[in-house]
>>> print(open('input-v4.tsv').read())   # TSV, C-alpha atoms
chain	number	residue	atom	x	y	z
A	586	MET	CA	0.00	0.00	0.00
A	587	THR	CA	1.31	3.45	-0.89
A	588	SER	CA	1.50	6.44	1.47
A	589	ALA	CA	-1.84	7.57	0.03
A	590	GLY	CA	-3.43	4.23	0.87
A	591	ILE	CA	-3.55	2.87	-2.68
A	592	VAL	CA	-3.67	-0.92	-2.68
A	593	ALA	CA	-3.80	-1.53	-6.44
A	594	LEU	CA	-5.44	-0.38	-9.63
A	595	ASP	CA	-9.00	-1.64	-9.36
A	596	HIS	CA	-10.27	-1.02	-12.88
A	597	ILE	CA	-10.00	0.93	-16.09
A	598	ALA	CA	-13.33	2.23	-17.30
A	599	VAL	CA	-14.31	2.31	-20.96
A	600	VAL	CA	-17.38	4.39	-21.86
A	601	VAL	CA	-19.52	2.79	-24.55
A	602	ARG	CA	-22.85	3.73	-26.08
A	603	ASP	CA	-24.25	0.20	-26.13
A	604	ILE	CA	-22.83	-2.39	-23.76
A	605	GLU	CA	-24.43	-5.31	-25.63
A	606	ALA	CA	-22.74	-4.22	-28.85
A	607	SER	CA	-19.35	-3.81	-27.15
A	608	LEU	CA	-19.38	-6.95	-24.99
A	609	ALA	CA	-18.69	-9.44	-27.79
A	610	TYR	CA	-15.27	-7.96	-28.44
A	611	TYR	CA	-14.22	-8.16	-24.80
A	612	THR	CA	-15.71	-11.58	-24.08
A	613	CYS	CA	-15.46	-13.49	-27.37
A	614	THR	CA	-12.45	-11.88	-29.07
A	615	LEU	CA	-10.29	-10.99	-26.07
A	616	GLY	CA	-11.75	-13.83	-24.01
A	617	LEU	CA	-12.26	-11.88	-20.78
A	618	PRO	CA	-14.85	-13.32	-18.36
A	619	ILE	CA	-17.68	-11.16	-16.99
A	620	VAL	CA	-17.45	-10.73	-13.23
A	621	SER	CA	-20.36	-8.40	-12.59
A	622	ASP	CA	-23.22	-6.80	-14.54
A	623	GLU	CA	-25.18	-4.21	-12.62
A	624	GLU	CA	-26.82	-0.82	-12.58
A	625	THR	CA	-25.80	2.02	-10.29
A	626	GLU	CA	-27.25	5.40	-9.45
A	627	ALA	CA	-23.71	6.74	-9.06
A	628	SER	CA	-22.26	8.84	-11.91
A	629	GLY	CA	-25.76	9.99	-12.85
A	630	GLY	CA	-26.97	6.42	-13.39
A	631	ALA	CA	-25.04	3.83	-15.38
A	632	ARG	CA	-24.87	0.18	-16.34
A	633	LEU	CA	-21.54	-1.32	-15.33
A	634	VAL	CA	-20.05	-4.54	-16.61
A	635	PHE	CA	-16.79	-5.65	-15.01
A	636	LEU	CA	-14.51	-7.94	-17.03
A	637	ASP	CA	-11.56	-9.77	-15.49
A	638	ALA	CA	-8.27	-9.09	-17.33
A	639	GLY	CA	-6.40	-11.37	-14.93
A	640	ASN	CA	-4.81	-8.80	-12.65
A	641	VAL	CA	-7.25	-5.90	-12.97
A	642	MET	CA	-10.82	-5.27	-14.09
A	643	ILE	CA	-11.97	-3.55	-17.24
A	644	GLN	CA	-15.27	-1.80	-16.61
A	645	LEU	CA	-17.62	-1.08	-19.48
A	646	ILE	CA	-19.83	1.82	-18.50
A	647	SER	CA	-22.88	3.07	-20.34
A	648	PRO	CA	-25.25	5.82	-19.16
A	649	LEU	CA	-28.80	4.88	-18.17
A	650	ARG	CA	-30.10	8.32	-19.12
A	651	SER	CA	-29.35	11.04	-21.64
A	652	THR	CA	-28.05	13.40	-18.96
A	653	GLY	CA	-25.29	13.14	-16.38
A	654	PRO	CA	-21.50	13.00	-16.49
A	655	ILE	CA	-21.18	9.75	-18.46
A	656	ALA	CA	-23.74	10.80	-21.08
A	657	GLY	CA	-22.01	14.17	-21.28
A	658	HIS	CA	-18.62	12.55	-21.79
A	659	LEU	CA	-20.02	10.37	-24.59
A	660	GLU	CA	-21.54	13.41	-26.24
A	661	THR	CA	-18.30	15.40	-26.07
A	662	HIS	CA	-15.60	12.76	-26.51
A	663	GLY	CA	-17.31	9.69	-27.94
A	664	GLU	CA	-16.52	6.17	-26.82
A	665	GLY	CA	-13.15	5.36	-25.24
A	666	ILE	CA	-11.20	4.98	-22.04
A	667	HIS	CA	-12.83	7.16	-19.40
A	668	HIS	CA	-11.07	6.81	-16.06
A	669	LEU	CA	-8.69	4.90	-13.81
A	670	CYS	CA	-9.92	3.65	-10.46
A	671	PHE	CA	-7.56	2.89	-7.60
A	672	ALA	CA	-8.53	0.48	-4.83
A	673	VAL	CA	-8.03	1.89	-1.34
A	674	GLY	CA	-8.62	0.40	2.09
A	675	ASP	CA	-10.10	3.59	3.60
A	676	ILE	CA	-11.67	5.98	1.12
A	677	LYS	CA	-11.98	8.89	3.54
A	678	GLY	CA	-8.33	8.56	4.52
A	679	ALA	CA	-7.23	8.34	0.89
A	680	ILE	CA	-9.22	11.46	-0.04
A	681	ALA	CA	-7.68	13.32	2.89
A	682	ALA	CA	-4.20	12.25	1.77
A	683	LEU	CA	-4.69	12.95	-1.93
A	684	VAL	CA	-6.79	16.13	-1.94
A	685	PRO	CA	-6.58	17.64	1.55
A	686	GLU	CA	-9.03	20.46	2.29
A	687	GLN	CA	-11.24	19.54	-0.64
A	688	ASP	CA	-14.80	18.31	-0.25
A	689	VAL	CA	-15.15	15.15	-2.33
A	690	PRO	CA	-18.55	13.41	-2.35
A	691	VAL	CA	-18.55	9.66	-1.69
A	692	GLU	CA	-21.20	7.52	-3.39
A	693	ILE	CA	-22.07	3.83	-3.46
A	694	GLY	CA	-20.79	2.70	-6.85
A	695	GLY	CA	-20.09	-0.57	-8.62
A	696	ARG	CA	-20.08	-3.81	-6.64
A	697	GLY	CA	-21.67	-2.06	-3.65
A	698	ARG	CA	-18.47	-0.20	-2.82
A	699	ARG	CA	-17.94	3.34	-1.59
A	700	THR	CA	-16.43	5.33	-4.46
A	701	ALA	CA	-15.37	8.88	-5.15
A	702	PHE	CA	-14.11	10.76	-8.16
A	703	LEU	CA	-11.18	13.02	-7.37
A	704	PRO	CA	-11.37	16.62	-8.59
A	705	ASN	CA	-10.29	16.88	-12.21
A	706	ARG	CA	-6.60	17.46	-12.79
A	707	THR	CA	-5.03	19.33	-15.65
A	708	ASP	CA	-3.50	16.18	-17.15
A	709	GLY	CA	-6.88	14.88	-18.29
A	710	VAL	CA	-6.73	11.64	-16.29
A	711	ILE	CA	-10.08	11.19	-14.56
A	712	THR	CA	-9.36	9.31	-11.33
A	713	GLU	CA	-11.74	7.39	-9.10
A	714	LEU	CA	-11.16	5.69	-5.77
A	715	THR	CA	-13.04	2.59	-4.64
A	716	GLU	CA	-12.97	1.09	-1.18
A	717	THR	CA	-12.00	-2.56	-1.26
A	718	ALA	CA	-14.78	-3.72	1.09
A	719	ALA	CA	-18.36	-3.67	-0.24
A	720	ARG	CA	-20.87	-1.72	1.88
A	721	ILE	CA	-23.99	-3.11	0.21
A	722	ALA	CA	-24.60	-6.11	-2.03
A	723	PRO	CA	-24.41	-5.10	-5.70
A	724	SER	CA	-27.69	-5.10	-7.60
A	725	ASP	CA	-27.50	-7.78	-10.31
B	1262	MET	CA	-4.58	-17.01	-20.21
B	1263	THR	CA	-7.52	-16.27	-22.49
B	1264	SER	CA	-8.22	-17.93	-25.84
B	1265	ALA	CA	-6.48	-14.97	-27.50
B	1266	GLY	CA	-3.36	-15.54	-25.38
B	1267	ILE	CA	-3.86	-12.59	-23.03
B	1268	VAL	CA	-2.04	-13.15	-19.74
B	1269	ALA	CA	-2.93	-9.89	-17.98
B	1270	LEU	CA	-3.19	-6.17	-18.47
B	1271	ASP	CA	0.41	-5.00	-18.66
B	1272	HIS	CA	-0.02	-1.24	-18.45
B	1273	ILE	CA	-2.21	1.77	-18.98
B	1274	ALA	CA	-0.45	4.55	-20.85
B	1275	VAL	CA	-0.93	8.21	-20.02
B	1276	VAL	CA	0.35	10.72	-22.58
B	1277	VAL	CA	1.92	13.79	-21.00
B	1278	ARG	CA	3.72	16.80	-22.42
B	1279	ASP	CA	6.45	16.90	-19.78
B	1280	ILE	CA	7.25	13.74	-17.83
B	1281	GLU	CA	9.25	15.61	-15.17
B	1282	ALA	CA	6.28	17.86	-14.46
B	1283	SER	CA	3.88	14.91	-14.25
B	1284	LEU	CA	6.04	12.52	-12.24
B	1285	ALA	CA	5.66	14.26	-8.88
B	1286	TYR	CA	1.94	13.53	-8.79
B	1287	TYR	CA	2.42	9.81	-9.49
B	1288	THR	CA	5.44	9.30	-7.24
B	1289	CYS	CA	4.97	11.78	-4.36
B	1290	THR	CA	1.18	12.17	-4.19
B	1291	LEU	CA	0.01	8.71	-5.24
B	1292	GLY	CA	3.20	7.08	-3.93
B	1293	LEU	CA	3.84	4.80	-6.91
B	1294	PRO	CA	7.46	3.61	-7.36
B	1295	ILE	CA	9.28	4.06	-10.68
B	1296	VAL	CA	10.17	0.71	-12.25
B	1297	SER	CA	11.74	1.86	-15.50
B	1298	ASP	CA	12.72	5.12	-17.22
B	1299	GLU	CA	13.83	4.74	-20.82
B	1300	GLU	CA	13.64	6.00	-24.35
B	1301	THR	CA	12.31	3.99	-27.26
B	1302	GLU	CA	12.26	4.46	-31.01
B	1303	ALA	CA	8.86	2.74	-31.11
B	1304	SER	CA	5.75	4.92	-31.51
B	1305	GLY	CA	7.80	7.52	-33.39
B	1306	GLY	CA	10.22	7.96	-30.47
B	1307	ALA	CA	9.14	8.41	-26.88
B	1308	ARG	CA	10.31	8.57	-23.30
B	1309	LEU	CA	8.59	5.95	-21.19
B	1310	VAL	CA	8.38	5.88	-17.42
B	1311	PHE	CA	6.74	2.82	-15.88
B	1312	LEU	CA	5.20	3.18	-12.41
B	1313	ASP	CA	4.10	0.20	-10.34
B	1314	ALA	CA	0.47	0.45	-9.19
B	1315	GLY	CA	0.77	-2.88	-7.35
B	1316	ASN	CA	-0.92	-5.18	-9.84
B	1317	VAL	CA	-0.32	-3.33	-13.11
B	1318	MET	CA	1.95	-0.63	-14.49
B	1319	ILE	CA	1.04	2.93	-15.34
B	1320	GLN	CA	3.20	4.16	-18.20
B	1321	LEU	CA	3.84	7.86	-18.66
B	1322	ILE	CA	4.69	8.48	-22.29
B	1323	SER	CA	5.99	11.67	-23.81
B	1324	PRO	CA	7.11	12.16	-27.42
B	1325	LEU	CA	10.79	12.73	-28.14
B	1326	ARG	CA	9.98	14.71	-31.28
B	1327	SER	CA	7.28	17.04	-32.55
B	1328	THR	CA	6.05	14.49	-35.09
B	1329	GLY	CA	4.79	10.92	-34.80
B	1330	PRO	CA	1.68	9.29	-33.35
B	1331	ILE	CA	2.21	10.35	-29.73
B	1332	ALA	CA	2.97	13.97	-30.62
B	1333	GLY	CA	-0.05	13.92	-32.93
B	1334	HIS	CA	-2.29	12.56	-30.17
B	1335	LEU	CA	-1.10	15.30	-27.79
B	1336	GLU	CA	-1.80	17.93	-30.41
B	1337	THR	CA	-5.30	16.64	-31.10
B	1338	HIS	CA	-6.49	15.37	-27.72
B	1339	GLY	CA	-4.17	16.90	-25.14
B	1340	GLU	CA	-2.84	14.97	-22.16
B	1341	GLY	CA	-4.73	11.95	-20.84
B	1342	ILE	CA	-5.07	8.19	-20.93
B	1343	HIS	CA	-3.82	6.98	-24.30
B	1344	HIS	CA	-3.97	3.18	-24.51
B	1345	LEU	CA	-4.31	-0.17	-22.80
B	1346	CYS	CA	-1.59	-2.77	-23.25
B	1347	PHE	CA	-2.23	-6.46	-22.74
B	1348	ALA	CA	0.61	-8.85	-21.89
B	1349	VAL	CA	0.74	-11.91	-24.14
B	1350	GLY	CA	3.08	-14.88	-24.20
B	1351	ASP	CA	3.37	-15.02	-28.00
B	1352	ILE	CA	2.74	-11.75	-29.80
B	1353	LYS	CA	2.51	-13.26	-33.28
B	1354	GLY	CA	0.00	-15.81	-32.08
B	1355	ALA	CA	-2.06	-13.17	-30.29
B	1356	ILE	CA	-2.14	-10.94	-33.37
B	1357	ALA	CA	-3.25	-13.89	-35.48
B	1358	ALA	CA	-6.02	-14.67	-32.98
B	1359	LEU	CA	-7.21	-11.08	-32.52
B	1360	VAL	CA	-6.91	-9.61	-36.01
B	1361	PRO	CA	-6.57	-12.52	-38.46
B	1362	GLU	CA	-5.61	-11.60	-42.01
B	1363	GLN	CA	-4.32	-8.17	-40.96
B	1364	ASP	CA	-0.70	-7.14	-41.23
B	1365	VAL	CA	0.31	-5.67	-37.87
B	1366	PRO	CA	3.88	-4.40	-37.49
B	1367	VAL	CA	5.82	-5.58	-34.42
B	1368	GLU	CA	8.40	-3.24	-32.87
B	1369	ILE	CA	10.76	-3.39	-29.90
B	1370	GLY	CA	9.04	-1.18	-27.33
B	1371	GLY	CA	9.32	-0.47	-23.62
B	1372	ARG	CA	11.47	-2.74	-21.44
B	1373	GLY	CA	12.99	-4.37	-24.51
B	1374	ARG	CA	9.80	-6.23	-25.35
B	1375	ARG	CA	8.20	-6.97	-28.70
B	1376	THR	CA	5.09	-4.81	-28.95
B	1377	ALA	CA	2.36	-4.11	-31.49
B	1378	PHE	CA	-0.56	-1.74	-31.69
B	1379	LEU	CA	-3.73	-3.39	-32.95
B	1380	PRO	CA	-5.61	-1.63	-35.75
B	1381	ASN	CA	-7.87	1.10	-34.39
B	1382	ARG	CA	-11.38	0.04	-33.46
B	1383	THR	CA	-14.50	2.14	-33.61
B	1384	ASP	CA	-14.84	2.26	-29.81
B	1385	GLY	CA	-11.85	4.58	-29.43
B	1386	VAL	CA	-9.82	2.22	-27.20
B	1387	ILE	CA	-6.25	2.15	-28.53
B	1388	THR	CA	-4.91	-1.32	-27.73
B	1389	GLU	CA	-1.31	-2.54	-27.61
B	1390	LEU	CA	0.11	-6.00	-27.04
B	1391	THR	CA	3.44	-6.63	-25.34
B	1392	GLU	CA	5.23	-9.94	-25.17
B	1393	THR	CA	6.06	-10.92	-21.61
B	1394	ALA	CA	9.68	-11.90	-22.33
B	1395	ALA	CA	12.16	-9.11	-23.13
B	1396	ARG	CA	14.07	-9.51	-26.42
B	1397	ILE	CA	16.71	-6.87	-25.66
B	1398	ALA	CA	17.80	-5.13	-22.45
B	1399	PRO	CA	15.92	-1.83	-22.04
B	1400	SER	CA	17.99	1.33	-22.44
B	1401	ASP	CA	18.08	3.19	-19.13
>>> encode(input="input-v4.tsv", output="structure tokens")
Amino acid sequence: MTSAGIVALDHIAVVVRDIEASLAYYTCTLGLPIVSDEETEASGGARLVFLDAGNVMIQLISPLRSTGPIAGHLETHGEGIHHLCFAVGDIKGAIAALVPEQDVPVEIGGRGRRTAFLPNRTDGVITELTETAARIAPSD
Amino acid sequence: MTSAGIVALDHIAVVVRDIEASLAYYTCTLGLPIVSDEETEASGGARLVFLDAGNVMIQLISPLRSTGPIAGHLETHGEGIHHLCFAVGDIKGAIAALVPEQDVPVEIGGRGRRTAFLPNRTDGVITELTETAARIAPSD
């Protein structure tokens, strides 16, 4: 674990318009197994599919509605890699270490875990934190 | 290993204008150790710094010259996540499985490994393969 409490990279998120259309490439061509397929009210509402790349997850994320940050990103940037998410043991402690004196909202995100997006940085890398322990059972 | 020969996700590449300026965030703030710092003639010439996120590498990549695919990406898209790179045992076999009947050039990339970028897909995810065994010693 790093000084900021980072345990590992949890997932890389790929924004897609249509998860069904994108899944065949990841499952059939690349051969990655699906670990979780769920909907969340975090990030303005999204369907999340987690695929196991062996050492890290790839998350396909598609907005449930035409508004919100994921839909807005699709509109502006199109499909593609959206963010990195680091796994941390204590999300409040990691936020305090990484962005002290900033108020960062914590939501329940994928796999029932507490998650938070860090404030945007100038280098364009959108960064999320997820707490390793689930707080609620994910909705399948 | 998947049917396409994917062993794991090797790294996520982040394109930056100035590696020195970006490194402090990854090393001091996030606390990730540097594994490798080298220059390659692959991808039109680039400096590559690999950081260990515990289970996967984050690669900072900065162009050595004002032309080439990395410089062009910076010009068009600015800094940000550039590509995913999967580790494979046999790069020729993986290319044949993933993009049969396509001619994909193989270069010596980071850490002295054989690497190849797959043809661009419509979903905007730039995808590289890297062979797990190094063919030459990386230049430090």
>>> residues_around(input="input-v4.tsv", residues="Val592 (chain A)", least_positions_apart="2", cutoff="10 Å", atoms="all atoms listed in the file", output="list of chain:residue names")
A:Met586, A:Thr587, A:Ser588, A:Ala589, A:Gly590, A:Leu594, A:Asp595, A:Phe671, A:Ala672, A:Val673, A:Gly674, A:Glu716, A:Thr717, B:Ala1314, B:Gly1315, B:Asn1316
>>> interface_residues(input="input-v4.tsv", of="chain B", to="chain A", cutoff="9 Å", atoms="all atoms listed in the file", output="ChimeraX atom specification")
/B:1262-1271,1273,1275-1278,1283,1289-1294,1313-1318,1339-1345,1347,1358-1359,1383-1387
>>> calpha_fit_and_write(input="input-v4.tsv", fixed="chain A", moving="chain B", output="mmCIF file with C-alpha atoms, in the frame of the given file")
data_model
loop_
_atom_site.group_PDB
_atom_site.id
_atom_site.type_symbol
_atom_site.label_atom_id
_atom_site.label_comp_id
_atom_site.auth_asym_id
_atom_site.auth_seq_id
_atom_site.Cartn_x
_atom_site.Cartn_y
_atom_site.Cartn_z
ATOM 1 C CA MET B 1262 0.008 0.009 -0.004
ATOM 2 C CA THR B 1263 1.325 3.457 -0.882
ATOM 3 C CA SER B 1264 1.513 6.441 1.469
ATOM 4 C CA ALA B 1265 -1.823 7.596 0.026
ATOM 5 C CA GLY B 1266 -3.419 4.236 0.872
ATOM 6 C CA ILE B 1267 -3.539 2.881 -2.682
ATOM 7 C CA VAL B 1268 -3.670 -0.918 -2.684
ATOM 8 C CA ALA B 1269 -3.809 -1.528 -6.442
ATOM 9 C CA LEU B 1270 -5.440 -0.373 -9.628
ATOM 10 C CA ASP B 1271 -9.003 -1.639 -9.365
ATOM 11 C CA HIS B 1272 -10.274 -1.015 -12.881
ATOM 12 C CA ILE B 1273 -10.005 0.930 -16.087
ATOM 13 C CA ALA B 1274 -13.348 2.231 -17.294
ATOM 14 C CA VAL B 1275 -14.322 2.318 -20.949
ATOM 15 C CA VAL B 1276 -17.381 4.397 -21.849
ATOM 16 C CA VAL B 1277 -19.525 2.804 -24.542
ATOM 17 C CA ARG B 1278 -22.851 3.730 -26.089
ATOM 18 C CA ASP B 1279 -24.252 0.199 -26.141
ATOM 19 C CA ILE B 1280 -22.822 -2.389 -23.756
ATOM 20 C CA GLU B 1281 -24.412 -5.319 -25.615
ATOM 21 C CA ALA B 1282 -22.736 -4.236 -28.841
ATOM 22 C CA SER B 1283 -19.353 -3.820 -27.141
ATOM 23 C CA LEU B 1284 -19.373 -6.948 -24.989
ATOM 24 C CA ALA B 1285 -18.703 -9.441 -27.782
ATOM 25 C CA TYR B 1286 -15.274 -7.961 -28.439
ATOM 26 C CA TYR B 1287 -14.228 -8.171 -24.775
ATOM 27 C CA THR B 1288 -15.725 -11.591 -24.060
ATOM 28 C CA CYS B 1289 -15.478 -13.501 -27.370
ATOM 29 C CA THR B 1290 -12.469 -11.877 -29.061
ATOM 30 C CA LEU B 1291 -10.299 -10.994 -26.068
ATOM 31 C CA GLY B 1292 -11.750 -13.848 -23.996
ATOM 32 C CA LEU B 1293 -12.262 -11.894 -20.769
ATOM 33 C CA PRO B 1294 -14.864 -13.326 -18.340
ATOM 34 C CA ILE B 1295 -17.698 -11.160 -16.992
ATOM 35 C CA VAL B 1296 -17.453 -10.731 -13.219
ATOM 36 C CA SER B 1297 -20.373 -8.399 -12.594
ATOM 37 C CA ASP B 1298 -23.237 -6.799 -14.538
ATOM 38 C CA GLU B 1299 -25.205 -4.203 -12.608
ATOM 39 C CA GLU B 1300 -26.817 -0.814 -12.584
ATOM 40 C CA THR B 1301 -25.802 2.011 -10.289
ATOM 41 C CA GLU B 1302 -27.248 5.401 -9.450
ATOM 42 C CA ALA B 1303 -23.700 6.740 -9.065
ATOM 43 C CA SER B 1304 -22.254 8.850 -11.901
ATOM 44 C CA GLY B 1305 -25.758 10.000 -12.848
ATOM 45 C CA GLY B 1306 -26.961 6.419 -13.397
ATOM 46 C CA ALA B 1307 -25.052 3.829 -15.375
ATOM 47 C CA ARG B 1308 -24.873 0.186 -16.328
ATOM 48 C CA LEU B 1309 -21.554 -1.318 -15.329
ATOM 49 C CA VAL B 1310 -20.068 -4.543 -16.615
ATOM 50 C CA PHE B 1311 -16.810 -5.654 -15.010
ATOM 51 C CA LEU B 1312 -14.522 -7.946 -17.024
ATOM 52 C CA ASP B 1313 -11.566 -9.753 -15.485
ATOM 53 C CA ALA B 1314 -8.293 -9.085 -17.329
ATOM 54 C CA GLY B 1315 -6.412 -11.379 -14.928
ATOM 55 C CA ASN B 1316 -4.826 -8.808 -12.644
ATOM 56 C CA VAL B 1317 -7.267 -5.906 -12.956
ATOM 57 C CA MET B 1318 -10.828 -5.278 -14.085
ATOM 58 C CA ILE B 1319 -11.973 -3.540 -17.230
ATOM 59 C CA GLN B 1320 -15.283 -1.804 -16.606
ATOM 60 C CA LEU B 1321 -17.637 -1.084 -19.478
ATOM 61 C CA ILE B 1322 -19.852 1.819 -18.504
ATOM 62 C CA SER B 1323 -22.881 3.088 -20.346
ATOM 63 C CA PRO B 1324 -25.254 5.831 -19.173
ATOM 64 C CA LEU B 1325 -28.792 4.896 -18.176
ATOM 65 C CA ARG B 1326 -30.085 8.340 -19.127
ATOM 66 C CA SER B 1327 -29.341 11.053 -21.660
ATOM 67 C CA THR B 1328 -28.038 13.420 -18.983
ATOM 68 C CA GLY B 1329 -25.289 13.150 -16.378
ATOM 69 C CA PRO B 1330 -21.494 13.014 -16.498
ATOM 70 C CA ILE B 1331 -21.179 9.772 -18.472
ATOM 71 C CA ALA B 1332 -23.743 10.801 -21.088
ATOM 72 C CA GLY B 1333 -22.014 14.182 -21.291
ATOM 73 C CA HIS B 1334 -18.614 12.548 -21.794
ATOM 74 C CA LEU B 1335 -20.023 10.371 -24.598
ATOM 75 C CA GLU B 1336 -21.523 13.415 -26.257
ATOM 76 C CA THR B 1337 -18.288 15.388 -26.084
ATOM 77 C CA HIS B 1338 -15.584 12.751 -26.518
ATOM 78 C CA GLY B 1339 -17.312 9.691 -27.944
ATOM 79 C CA GLU B 1340 -16.525 6.161 -26.806
ATOM 80 C CA GLY B 1341 -13.154 5.362 -25.247
ATOM 81 C CA ILE B 1342 -11.206 4.980 -22.034
ATOM 82 C CA HIS B 1343 -12.837 7.175 -19.406
ATOM 83 C CA HIS B 1344 -11.070 6.806 -16.053
ATOM 84 C CA LEU B 1345 -8.696 4.912 -13.808
ATOM 85 C CA CYS B 1346 -9.919 3.655 -10.449
ATOM 86 C CA PHE B 1347 -7.552 2.893 -7.602
ATOM 87 C CA ALA B 1348 -8.528 0.476 -4.826
ATOM 88 C CA VAL B 1349 -8.019 1.892 -1.336
ATOM 89 C CA GLY B 1350 -8.629 0.404 2.086
ATOM 90 C CA ASP B 1351 -10.097 3.585 3.594
ATOM 91 C CA ILE B 1352 -11.665 5.983 1.119
ATOM 92 C CA LYS B 1353 -11.977 8.894 3.543
ATOM 93 C CA GLY B 1354 -8.347 8.556 4.519
ATOM 94 C CA ALA B 1355 -7.230 8.345 0.896
ATOM 95 C CA ILE B 1356 -9.218 11.448 -0.045
ATOM 96 C CA ALA B 1357 -7.688 13.318 2.879
ATOM 97 C CA ALA B 1358 -4.201 12.246 1.774
ATOM 98 C CA LEU B 1359 -4.683 12.966 -1.936
ATOM 99 C CA VAL B 1360 -6.780 16.133 -1.943
ATOM 100 C CA PRO B 1361 -6.580 17.654 1.555
ATOM 101 C CA GLU B 1362 -8.994 20.487 2.276
ATOM 102 C CA GLN B 1363 -11.250 19.544 -0.649
ATOM 103 C CA ASP B 1364 -14.793 18.317 -0.229
ATOM 104 C CA VAL B 1365 -15.148 15.153 -2.311
ATOM 105 C CA PRO B 1366 -18.537 13.418 -2.338
ATOM 106 C CA VAL B 1367 -18.562 9.656 -1.681
ATOM 107 C CA GLU B 1368 -21.220 7.515 -3.380
ATOM 108 C CA ILE B 1369 -22.089 3.820 -3.450
ATOM 109 C CA GLY B 1370 -20.794 2.702 -6.844
ATOM 110 C CA GLY B 1371 -20.085 -0.564 -8.626
ATOM 111 C CA ARG B 1372 -20.093 -3.817 -6.640
ATOM 112 C CA GLY B 1373 -21.655 -2.075 -3.654
ATOM 113 C CA ARG B 1374 -18.469 -0.203 -2.825
ATOM 114 C CA ARG B 1375 -17.954 3.337 -1.587
ATOM 115 C CA THR B 1376 -16.448 5.311 -4.456
ATOM 116 C CA ALA B 1377 -15.375 8.886 -5.140
ATOM 117 C CA PHE B 1378 -14.103 10.765 -8.146
ATOM 118 C CA LEU B 1379 -11.171 13.031 -7.352
ATOM 119 C CA PRO B 1380 -11.366 16.623 -8.589
ATOM 120 C CA ASN B 1381 -10.272 16.895 -12.213
ATOM 121 C CA ARG B 1382 -6.581 17.488 -12.793
ATOM 122 C CA THR B 1383 -5.006 19.370 -15.647
ATOM 123 C CA ASP B 1384 -3.488 16.208 -17.154
ATOM 124 C CA GLY B 1385 -6.873 14.906 -18.299
ATOM 125 C CA VAL B 1386 -6.724 11.648 -16.292
ATOM 126 C CA ILE B 1387 -10.090 11.194 -14.565
ATOM 127 C CA THR B 1388 -9.358 9.320 -11.336
ATOM 128 C CA GLU B 1389 -11.736 7.392 -9.080
ATOM 129 C CA LEU B 1390 -11.152 5.687 -5.754
ATOM 130 C CA THR B 1391 -13.038 2.590 -4.643
ATOM 131 C CA GLU B 1392 -12.963 1.093 -1.187
ATOM 132 C CA THR B 1393 -11.995 -2.565 -1.249
ATOM 133 C CA ALA B 1394 -14.784 -3.726 1.087
ATOM 134 C CA ALA B 1395 -18.361 -3.686 -0.246
ATOM 135 C CA ARG B 1396 -20.875 -1.726 1.869
ATOM 136 C CA ILE B 1397 -23.986 -3.152 0.195
ATOM 137 C CA ALA B 1398 -24.580 -6.176 -2.047
ATOM 138 C CA PRO B 1399 -24.379 -5.148 -5.720
ATOM 139 C CA SER B 1400 -27.649 -5.215 -7.652
ATOM 140 C CA ASP B 1401 -27.438 -7.856 -10.373
#
>>> residues_around(input="input-v4.tsv", residues="Pro1330 (chain B)", least_positions_apart="2", cutoff="8 Å", atoms="only C-alpha atoms", output="MDAnalysis selection string")
chainID B and resid 1304:1305 1328 1332:1334
>>> residues_around(input="input-v4.tsv", residues="Gly694 (chain A)", least_positions_apart="6", cutoff="8 Å", atoms="all atoms listed in the file", output="VMD selection string")
chain A and resid 625 to 627 700
>>> write_last_selection(input="input-v4.tsv", atoms="C-alpha atoms", output="compact mmCIF listing (two decimals), keeping the file's coordinate frame")
# COMPACT_ATOMS: atom_id res chain seq x y z
CA THR A 625 -25.80 2.02 -10.29
CA GLU A 626 -27.25 5.40 -9.45
CA ALA A 627 -23.71 6.74 -9.06
CA THR A 700 -16.43 5.33 -4.46
>>> decode(input="input-v4.tsv", residues="region 1385-1390 of chain B", atoms="N, CA, C and O atoms", output="short mmCIF file (atom, residue, chain, number, x, y, z; two decimals), in the first residue's frame")
data_model
loop_
_atom_site.label_atom_id
_atom_site.label_comp_id
_atom_site.auth_asym_id
_atom_site.auth_seq_id
_atom_site.Cartn_x
_atom_site.Cartn_y
_atom_site.Cartn_z
N GLY B 1385 -12.79 3.57 -29.93
CA GLY B 1385 -11.85 4.58 -29.43
C GLY B 1385 -10.81 4.06 -28.45
O GLY B 1385 -10.02 4.85 -27.94
N VAL B 1386 -10.80 2.76 -28.15
CA VAL B 1386 -9.82 2.22 -27.20
C VAL B 1386 -8.58 1.76 -27.98
O VAL B 1386 -8.62 0.73 -28.66
N ILE B 1387 -7.51 2.53 -27.88
CA ILE B 1387 -6.25 2.15 -28.53
C ILE B 1387 -5.65 0.99 -27.73
O ILE B 1387 -5.53 1.08 -26.50
N THR B 1388 -5.32 -0.10 -28.42
CA THR B 1388 -4.91 -1.32 -27.73
C THR B 1388 -3.55 -1.80 -28.25
O THR B 1388 -3.36 -1.95 -29.45
N GLU B 1389 -2.64 -2.03 -27.31
CA GLU B 1389 -1.31 -2.54 -27.61
C GLU B 1389 -1.17 -3.93 -27.03
O GLU B 1389 -1.86 -4.29 -26.06
N LEU B 1390 -0.30 -4.71 -27.62
CA LEU B 1390 0.11 -6.00 -27.04
C LEU B 1390 1.59 -5.91 -26.73
O LEU B 1390 2.36 -5.29 -27.48
#
